[in-house]
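K.L.:
File follows, my_file_34.csv with CSV, C-alpha atoms and all ligand atoms:
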chain,number,residue,atom,x,y,z
S,9,MET,CA,-1.4,-16.8,-0.6
S,10,VAL,CA,-5.0,-16.1,-1.4
S,11,ALA,CA,-7.1,-13.5,0.5
S,12,LYS,CA,-10.7,-14.3,1.2
S,13,THR,CA,-13.0,-11.9,-0.8
S,14,ARG,CA,-16.5,-11.8,-2.0
S,15,GLY,CA,-16.9,-12.9,-5.6
S,16,PRO,CA,-14.9,-15.3,-7.7
S,17,SER,CA,-11.6,-13.3,-7.8
S,18,LYS,CA,-8.7,-14.5,-5.7
S,19,ILE,CA,-6.3,-11.9,-4.7
S,20,ARG,CA,-2.8,-13.4,-4.2
S,21,LEU,CA,-0.8,-11.8,-1.4
S,22,LYS,CA,2.9,-11.5,-2.1
S,23,ALA,CA,5.7,-12.9,0.0
S,24,PRO,CA,8.6,-10.6,1.0
S,25,TRP,CA,10.9,-12.2,-1.6
S,26,GLU,CA,8.3,-11.5,-4.3
S,27,ILE,CA,8.0,-7.9,-3.1
S,28,ASP,CA,11.8,-7.7,-3.6
S,29,LEU,CA,11.5,-8.7,-7.2
S,30,LEU,CA,8.5,-6.4,-7.8
S,31,ARG,CA,10.7,-3.6,-6.3
S,32,LYS,CA,13.4,-4.4,-8.9
S,33,ALA,CA,11.0,-4.5,-11.8
S,34,ASN,CA,9.4,-1.2,-10.7
S,35,ALA,CA,12.8,0.5,-10.2
S,36,ILE,CA,13.5,-0.3,-13.9
S,37,VAL,CA,10.1,1.2,-14.9
S,38,ALA,CA,10.8,4.3,-12.8
S,39,GLU,CA,14.3,4.7,-14.5
S,40,VAL,CA,12.7,4.4,-17.9
S,41,LEU,CA,10.0,7.0,-17.2
S,42,GLN,CA,12.5,9.4,-15.6
S,43,LYS,CA,14.8,9.1,-18.7
S,44,LEU,CA,11.9,9.7,-21.1
S,45,LYS,CA,10.7,12.7,-19.1
S,46,GLU,CA,14.1,14.2,-19.4
S,47,ILE,CA,14.4,13.9,-23.1
S,48,ILE,CA,10.8,15.0,-24.0
S,49,GLU,CA,10.8,18.2,-26.1
S,50,PRO,CA,9.1,19.4,-29.2
S,51,GLY,CA,10.2,17.4,-32.3
S,52,VAL,CA,10.8,14.1,-30.4
S,53,SER,CA,8.7,11.2,-31.8
S,54,ALA,CA,6.8,8.6,-29.7
S,55,TRP,CA,8.7,6.0,-31.7
S,56,ASP,CA,12.1,7.3,-30.4
S,57,LEU,CA,10.7,7.1,-26.8
S,58,ASN,CA,9.6,3.4,-27.4
S,59,LEU,CA,13.1,2.6,-28.6
S,60,ILE,CA,14.8,4.2,-25.7
S,61,ALA,CA,12.5,2.4,-23.2
S,62,GLU,CA,13.4,-0.9,-24.9
S,63,GLU,CA,17.1,-0.2,-24.7
S,64,ILE,CA,17.0,0.6,-21.0
S,65,VAL,CA,14.8,-2.4,-20.1
S,66,ARG,CA,17.1,-4.8,-21.9
S,67,LYS,CA,20.3,-3.2,-20.4
S,68,ARG,CA,18.8,-4.0,-17.0
S,69,GLY,CA,18.2,-7.6,-17.8
S,70,ALA,CA,14.4,-7.2,-18.0
S,71,GLN,CA,11.8,-7.5,-20.7
S,72,PRO,CA,9.0,-5.1,-21.7
S,73,ALA,CA,5.7,-6.2,-20.1
S,74,PHE,CA,3.3,-4.7,-22.6
S,75,LYS,CA,4.8,-6.0,-25.9
S,76,GLY,CA,2.6,-8.9,-27.0
S,77,TYR,CA,0.2,-8.5,-24.1
S,78,ARG,CA,-3.2,-9.1,-25.7
S,79,GLY,CA,-1.4,-8.4,-29.0
S,80,TYR,CA,-0.2,-4.9,-28.1
S,81,PRO,CA,2.6,-4.3,-30.6
S,82,PHE,CA,4.9,-2.0,-28.7
S,83,SER,CA,6.7,-1.7,-25.3
S,84,LEU,CA,5.5,1.8,-24.4
S,85,CYS,CA,2.1,3.5,-24.5
S,86,VAL,CA,2.3,7.2,-25.6
S,87,SER,CA,-1.0,9.0,-25.2
S,88,VAL,CA,-1.1,12.7,-26.3
S,89,ASN,CA,-3.7,15.3,-25.3
S,90,GLU,CA,-7.2,13.8,-25.8
S,91,GLU,CA,-5.7,10.3,-25.9
S,92,VAL,CA,-6.4,8.7,-22.6
S,93,VAL,CA,-4.5,5.4,-22.6
S,94,HIS,CA,-2.9,2.9,-25.0
S,95,GLY,CA,-1.7,5.5,-27.5
S,96,LEU,CA,0.7,3.8,-30.0
S,97,PRO,CA,4.3,5.1,-30.2
S,98,LEU,CA,4.2,5.7,-34.0
S,99,LYS,CA,7.0,7.4,-36.0
S,100,GLU,CA,4.5,10.1,-37.2
S,101,LYS,CA,3.5,10.9,-33.6
S,102,VAL,CA,5.8,13.8,-33.2
S,103,LEU,CA,5.5,15.8,-29.9
S,104,LYS,CA,4.9,19.6,-30.2
S,105,GLU,CA,5.0,22.5,-27.8
S,106,GLY,CA,2.0,22.6,-25.6
S,107,ASP,CA,1.1,18.9,-25.8
S,108,ILE,CA,0.7,16.8,-22.7
S,109,VAL,CA,1.9,13.2,-23.1
S,110,SER,CA,1.1,10.2,-20.9
S,111,LEU,CA,3.9,7.6,-20.8
S,112,ASP,CA,2.9,4.2,-19.5
S,113,PHE,CA,5.5,1.5,-19.2
S,114,GLY,CA,5.8,-2.0,-17.8
S,115,ALA,CA,8.8,-4.3,-17.2
S,116,ILE,CA,9.2,-8.0,-16.3
S,117,TYR,CA,12.1,-8.8,-14.1
S,118,GLU,CA,12.6,-12.5,-13.1
S,119,GLY,CA,8.9,-13.1,-13.8
S,120,TYR,CA,7.6,-10.2,-11.8
S,121,ILE,CA,6.0,-7.1,-13.4
S,122,GLY,CA,6.4,-3.4,-12.7
S,123,ASP,CA,3.9,-0.9,-14.0
S,124,ALA,CA,3.7,2.9,-13.8
S,125,ALA,CA,2.7,6.0,-15.8
S,126,ILE,CA,3.3,9.7,-15.8
S,127,THR,CA,2.0,12.7,-17.8
S,128,VAL,CA,4.6,15.2,-19.0
S,129,GLY,CA,4.1,18.6,-20.6
S,130,VAL,CA,6.0,19.3,-23.8
S,131,GLY,CA,7.7,22.8,-23.5
S,132,GLU,CA,5.3,25.4,-22.2
S,133,VAL,CA,1.8,24.1,-21.7
S,134,SER,CA,-1.5,25.8,-20.9
S,135,GLU,CA,-2.6,26.6,-17.4
S,136,GLU,CA,-5.5,24.2,-17.8
S,137,ALA,CA,-3.2,21.4,-18.9
S,138,LYS,CA,-0.9,22.1,-15.9
S,139,ARG,CA,-3.8,22.1,-13.5
S,140,LEU,CA,-5.2,18.8,-14.9
S,141,MET,CA,-1.8,17.1,-14.5
S,142,GLN,CA,-1.4,18.5,-11.0
S,143,VAL,CA,-4.9,17.4,-9.9
S,144,THR,CA,-4.4,13.9,-11.4
S,145,GLU,CA,-1.0,13.4,-9.7
S,146,GLU,CA,-2.5,14.7,-6.4
S,147,ALA,CA,-5.3,12.2,-6.8
S,148,LEU,CA,-2.8,9.4,-7.1
S,149,TYR,CA,-0.9,10.4,-3.9
S,150,LYS,CA,-4.1,10.9,-1.9
S,151,ALA,CA,-5.3,7.5,-3.1
S,152,ILE,CA,-2.0,5.8,-2.2
S,153,ASP,CA,-2.5,7.1,1.3
S,154,LYS,CA,-5.6,4.9,1.5
S,155,ALA,CA,-3.7,1.8,0.5
S,156,ARG,CA,-3.7,0.6,4.1
S,157,VAL,CA,-4.9,-2.3,6.1
S,158,GLY,CA,-8.3,-1.4,7.4
S,159,TYR,CA,-9.5,0.3,4.2
S,160,ARG,CA,-11.2,-1.3,1.2
S,161,VAL,CA,-10.5,-1.1,-2.5
S,162,GLN,CA,-13.2,1.5,-3.2
S,163,ASP,CA,-11.8,3.8,-0.5
S,164,ILE,CA,-8.9,4.2,-2.9
S,165,SER,CA,-11.4,4.7,-5.8
S,166,VAL,CA,-13.5,7.3,-4.2
S,167,THR,CA,-10.5,9.3,-3.1
S,168,ILE,CA,-9.5,9.6,-6.7
S,169,GLN,CA,-13.0,10.5,-7.9
S,170,LYS,CA,-13.6,13.0,-5.1
S,171,HIS,CA,-10.4,14.9,-5.8
S,172,ALA,CA,-10.9,15.0,-9.5
S,173,GLU,CA,-14.6,16.1,-9.3
S,174,LYS,CA,-13.8,18.7,-6.6
S,175,HIS,CA,-11.7,20.4,-9.3
S,176,GLY,CA,-14.4,20.1,-12.0
S,177,TYR,CA,-12.9,17.2,-13.8
S,178,ASN,CA,-14.1,13.7,-14.4
S,179,VAL,CA,-12.6,10.2,-14.0
S,180,ILE,CA,-12.6,7.5,-16.7
S,181,ARG,CA,-14.9,4.6,-16.1
S,182,ASP,CA,-13.9,2.3,-18.9
S,183,PHE,CA,-10.3,1.6,-17.7
S,184,VAL,CA,-9.3,0.7,-14.1
S,185,GLY,CA,-6.3,0.1,-11.9
S,186,HIS,CA,-5.5,-3.5,-11.0
S,187,GLY,CA,-3.6,-6.0,-8.9
S,188,VAL,CA,-0.1,-6.7,-10.3
S,189,GLY,CA,2.5,-9.4,-9.8
S,190,GLN,CA,3.4,-12.3,-12.1
S,191,MET,CA,0.6,-11.1,-14.3
S,192,LEU,CA,0.1,-7.5,-15.5
S,193,HIS,CA,-3.6,-7.6,-14.6
S,194,GLU,CA,-4.5,-9.5,-11.5
S,195,PRO,CA,-7.5,-9.1,-9.2
S,196,PRO,CA,-8.7,-6.9,-7.8
S,197,GLU,CA,-9.9,-4.2,-10.2
S,198,VAL,CA,-9.2,-0.7,-8.8
S,199,PRO,CA,-11.7,1.7,-10.4
S,200,ASN,CA,-11.2,5.4,-10.3
S,201,TYR,CA,-14.7,5.9,-8.9
S,202,GLY,CA,-16.7,4.1,-6.2
S,203,ARG,CA,-18.2,4.2,-2.8
S,204,PRO,CA,-16.5,4.5,0.6
S,205,GLY,CA,-16.2,1.1,2.4
S,206,LYS,CA,-17.0,-1.0,-0.6
S,207,GLY,CA,-14.9,-3.6,-2.4
S,208,PRO,CA,-12.4,-6.1,-1.2
S,209,LYS,CA,-10.6,-5.5,2.1
S,210,LEU,CA,-7.0,-4.3,1.8
S,211,LEU,CA,-4.5,-6.7,3.3
S,212,ALA,CA,-0.7,-6.6,3.9
S,213,GLY,CA,1.0,-8.2,0.9
S,214,MET,CA,-1.4,-6.9,-1.7
S,215,VAL,CA,0.2,-5.1,-4.6
S,216,LEU,CA,-2.0,-2.7,-6.5
S,217,ALA,CA,-1.4,-0.6,-9.6
S,218,ILE,CA,-3.3,2.6,-8.8
S,219,GLU,CA,-3.9,4.7,-11.9
S,220,PRO,CA,-6.1,7.7,-12.0
S,221,MET,CA,-7.2,8.7,-15.5
S,222,VAL,CA,-8.7,12.2,-15.3
S,223,VAL,CA,-10.3,14.3,-18.1
S,224,THR,CA,-11.4,18.0,-18.4
S,225,GLY,CA,-14.7,17.1,-20.1
S,226,SER,CA,-16.9,14.0,-20.3
S,227,TYR,CA,-15.5,10.6,-19.2
S,228,GLU,CA,-16.9,8.9,-22.3
S,229,VAL,CA,-14.1,7.3,-24.4
S,230,GLU,CA,-13.9,5.7,-27.8
S,231,VAL,CA,-11.2,3.4,-29.3
S,232,LEU,CA,-9.7,4.6,-32.6
S,233,ALA,CA,-9.6,2.4,-35.7
S,234,ASP,CA,-6.1,1.2,-34.7
S,235,GLY,CA,-7.9,-0.9,-32.2
S,236,TRP,CA,-5.9,0.5,-29.2
S,237,THR,CA,-5.8,4.3,-28.8
S,238,ALA,CA,-8.6,5.3,-26.3
S,239,VAL,CA,-9.6,9.0,-26.8
S,240,THR,CA,-12.2,11.1,-25.1
S,241,LYS,CA,-15.3,11.3,-27.2
S,242,ASP,CA,-15.5,15.1,-26.7
S,243,ARG,CA,-11.7,15.3,-27.4
S,244,GLY,CA,-11.2,16.9,-24.0
S,245,LEU,CA,-7.7,16.7,-22.4
S,246,ALA,CA,-6.7,13.6,-20.4
S,247,ALA,CA,-4.0,12.9,-17.8
S,248,HIS,CA,-2.8,9.6,-16.4
S,249,TYR,CA,-0.5,8.8,-13.5
S,250,GLU,CA,0.2,5.3,-12.1
S,251,HIS,CA,2.2,3.7,-9.3
S,252,SER,CA,2.5,0.1,-8.3
S,253,VAL,CA,2.1,0.1,-4.5
S,254,VAL,CA,2.5,-2.7,-1.9
S,255,ILE,CA,0.3,-2.6,1.2
S,256,THR,CA,2.4,-3.4,4.3
S,257,ALA,CA,1.5,-3.5,8.0
S,258,ARG,CA,3.4,-0.1,8.3
S,259,GLY,CA,1.4,1.5,5.4
S,260,PRO,CA,1.8,1.9,1.6
S,261,GLU,CA,5.1,1.5,-0.1
S,262,ILE,CA,5.4,2.9,-3.6
S,263,LEU,CA,7.4,0.4,-5.6
S,264,SER,CA,7.7,2.6,-8.7
S,265,ARG,CA,8.8,5.8,-7.1
S,266,ILE,CA,11.0,7.8,-9.5
G,1,LIG,N1,-0.6,0.3,-17.6
G,1,LIG,C1,-1.6,-0.2,-18.5
G,1,LIG,C2,-2.5,-1.2,-17.8
G,1,LIG,O1,-2.2,-1.5,-16.7
G,1,LIG,C3,-0.9,-0.6,-19.8
G,1,LIG,C4,-1.4,-1.8,-20.5
G,1,LIG,S1,-1.0,-1.6,-22.1
G,1,LIG,C5,-1.2,-3.0,-22.9
G,1,LIG,O2,-3.5,-1.6,-18.3
G,1,LIG,F1,-0.8,-2.9,-24.0
G,1,LIG,F2,-0.3,-3.9,-22.3
G,1,LIG,F3,-2.4,-3.6,-22.8
G,2,CO,CO,-1.6,-0.5,-15.1
Any chance you could give the structure as structure tokens?
Ligand code: MF3
Ligand code: CO
P.N.:
Amino acid sequence: MVAKTRGPSKIRLKAPWEIDLLRKANAIVAEVLQKLKEIIEPGVSAWDLNLIAEEIVRKRGAQPAFKGYRGYPFSLCVSVNEEVVHGLPLKEKVLKEGDIVSLDFGAIYEGYIGDAAITVGVGEVSEEAKRLMQVTEEALYKAIDKARVGYRVQDISVTIQKHAEKHGYNVIRDFVGHGVGQMLHEPPEVPNYGRPGKGPKLLAGMVLAIEPMVVTGSYEVEVLADGWTAVTKDRGLAAHYEHSVVITARGPEILSRI
């Protein structure tokens, strides 16, 4: 189904049987993130996390969604401290006490894609890091509560922005949330900033990946020479949480709940 929206983008509404497959894909993503969270400790390398993620996804009869997507060479994104998104899971990226690490994973199950992310502290982390993670996760859940028929996309966006800025943080502009389904990135874009009442109307059957990326300093980012890793220009800390959510007549359902 295609929702009528302004602009060229067509937002495809998902049928109940498609939601079932998205639920399965996202359950695998949630299992992977839960497992990775449990094993994270100082000394673990991002490479190991990528291998474990691949092992679980294959065992569940699914495929990694990011591998090969626009040429991305791994299954998992591991973004540490000032890395915002798309950090590479390299062998030499060894986690140390006090780091915060964002894990972003996608799985394809019977052609349907699950996508979610969490940020995890390694051992004891600073009060500032804890607060950043907490505020970013709160922003995600407040935003999900706006994923309801009757609101518009930017009601989600502005909820994230308001919550982050209220705590003295900033939201990333250069990367956005998105529709998700048979493709990883479908319309509409779901920015982390915006204006109330703007953007496409939310309808039952829309599936959105809502993903606040929040930083302690400036929201400006640059991409490292590896062509992927996005870091804050001022090297301020970044946190990233993401859920795939379906809008139903009865309200939001989080497909990737851990
Ligand atoms: N969750 C991210 C996104 O939705 C991950 C994409 S990584 C990529 O954009 F490698 F696949 F691009
Ligand atoms: Co995403």
K.L.:
When distances are computed from only C-alpha atoms, which of S:Asp182, S:Glu62, S:Glu49, S:Glu197 shows the smallest separation from Ala115 (chain S)?
P.N.:
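Of S:Asp182, S:Glu62, S:Glu49, S:Glu197, the one nearest Ala115 (chain S), counting only C-alpha atoms, is S:Glu62.
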K.L.:
Just checking: using only C-alpha atoms, which residue out of S:Ile36, S:Ala247, S:Val198, S:Leu211 ends up closest to Lys138 (chain S)?
P.N.:
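With only C-alpha atoms as the atom set, the closest residue is S:Ala247.
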K.L.:
Here is a test: counting all atoms listed in the file, which residue of S:Arg203, S:Arg156, S:Lys32, S:Lys18 is nearest to Arg258 (chain S)?
P.N.:
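Going through S:Arg203, S:Arg156, S:Lys32, S:Lys18 one by one, the smallest distance to Arg258 (chain S) is for S:Arg156.
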K.L.:
Using only C-alpha atoms, find the one residue out of S:Gly213, S:Gly79, S:Gly51, S:Gly158 that sits nearest to Ala23 (chain S).
P.N.:
S:Gly213
K.L.:
Nearest to Glu136 (chain S) among S:Val102, S:Leu245, S:Ala238, S:Leu216, with distances taken over only C-alpha atoms: which residue is it?
P.N.:
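Using only C-alpha atoms, the shortest distance to Glu136 (chain S) belongs to S:Leu245.
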K.L.:
Leaving out Tyr120 (chain S) and any residue of its chain fewer than 2 positions from it, which residues lie within 6 Å of it when counting all atoms listed in the file, given as a VMD selection string?
P.N.:
chain S and resid 30 116 to 118 189 to 190
K.L.:
So that I have them on file, write out the residues from the current selection with C-alpha atoms, as an mmCIF file, in the frame of the given file.
P.N.:
data_model
loop_
_atom_site.group_PDB
_atom_site.id
_atom_site.type_symbol
_atom_site.label_atom_id
_atom_site.label_comp_id
_atom_site.auth_asym_id
_atom_site.auth_seq_id
_atom_site.Cartn_x
_atom_site.Cartn_y
_atom_site.Cartn_z
ATOM 1 C CA LEU S 30 8.500 -6.400 -7.800
ATOM 2 C CA ILE S 116 9.200 -8.000 -16.300
ATOM 3 C CA TYR S 117 12.100 -8.800 -14.100
ATOM 4 C CA GLU S 118 12.600 -12.500 -13.100
ATOM 5 C CA GLY S 189 2.500 -9.400 -9.800
ATOM 6 C CA GLN S 190 3.400 -12.300 -12.100
#
K.L.:
Which residues are near Pro50 (chain S)? Cut-off 6 Å, all atoms listed in the file, ignore same chain within fewer than 6 positions. Put them as a list in words.
P.N.:
Leu103, Lys104 and Glu105 of chain S
K.L.:
Which residues, written as number ranges by chain, have at least one atom at most 9 Å from Val166 (chain S), with only C-alpha atoms counted and residues fewer than 4 positions away on the same chain left out?
P.N.:
S: 151, 162, 170-171, 199-204
K.L.:
Can you write just those residues out, C-alpha atoms, as a PDB file, in the coordinates of the input?
P.N.:
ATOM      1  CA  ALA S 151      -5.300   7.500  -3.100  1.00  0.00           C
ATOM      2  CA  GLN S 162     -13.200   1.500  -3.200  1.00  0.00           C
ATOM      3  CA  LYS S 170     -13.600  13.000  -5.100  1.00  0.00           C
ATOM      4  CA  HIS S 171     -10.400  14.900  -5.800  1.00  0.00           C
ATOM      5  CA  PRO S 199     -11.700   1.700 -10.400  1.00  0.00           C
ATOM      6  CA  ASN S 200     -11.200   5.400 -10.300  1.00  0.00           C
ATOM      7  CA  TYR S 201     -14.700   5.900  -8.900  1.00  0.00           C
ATOM      8  CA  GLY S 202     -16.700   4.100  -6.200  1.00  0.00           C
ATOM      9  CA  ARG S 203     -18.200   4.200  -2.800  1.00  0.00           C
ATOM     10  CA  PRO S 204     -16.500   4.500   0.600  1.00  0.00           C
TER      11      PRO S 204
END
K.L.:
Can you tell me which residues come within 6 Å of ligand CO 2 (chain G) when counting all atoms listed in the file, ideally as a PyMOL selection string?
P.N.:
chain S and resi 123+185+217
K.L.:
Got a sec to check which residues lie within 6 Å of ligand LIG 1 (chain G), using only C-alpha atoms and all ligand atoms, and send them as a PyMOL selection string?
P.N.:
chain S and resi 74+77+80+94+112+123
K.L.:
Kindly indicate which residue among S:Ser165, S:Gln142, S:Ser226, S:Ser110 lies nearest to Gly207 (chain S), using only C-alpha atoms for the distances.
P.N.:
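Smallest separation from Gly207 (chain S) among the options: S:Ser165.
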K.L.:
At most 8 Å from (0.0, 0.0, 1.0), file frame, all atoms listed in the file: which residues, as JSON, numbers by chain?
P.N.:
{"S": [152, 153, 154, 155, 156, 157, 212, 214, 215, 253, 254, 255, 256, 257, 259, 260, 261, 262]}
K.L.:
Write out as an NGL selection string which residues come within 12 Å of region 127-132 of chain S when counting only C-alpha atoms, dropping same-chain ones fewer than 2 positions away.
P.N.:
:S and (41-53 or 85-89 or 91-93 or 102-113 or 124-125 or 134-145 or 219-222 or 245-250)
K.L.:
CA of Gly235 (chain S) and CA of Ser83 (chain S), how far apart in Å?
P.N.:
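Separation of CA of Ser83 (chain S) and CA of Gly235 (chain S): 16.2 Å.
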K.L.:
If we count all atoms listed in the file and set the cut-off at 7 Å, which residues sit around Ala38 (chain S), ignoring sequence neighbours fewer than 5 positions away in its own chain? Please answer as JSON, numbers by chain.
P.N.:
{"S": [264, 265, 266]}
K.L.:
Please, what distance in Å, to one decimal, runs between CA of Val161 (chain S) and CA of Pro72 (chain S)?
P.N.:
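About the pair CA of Val161 (chain S) and CA of Pro72 (chain S): they are 27.7 Å apart.
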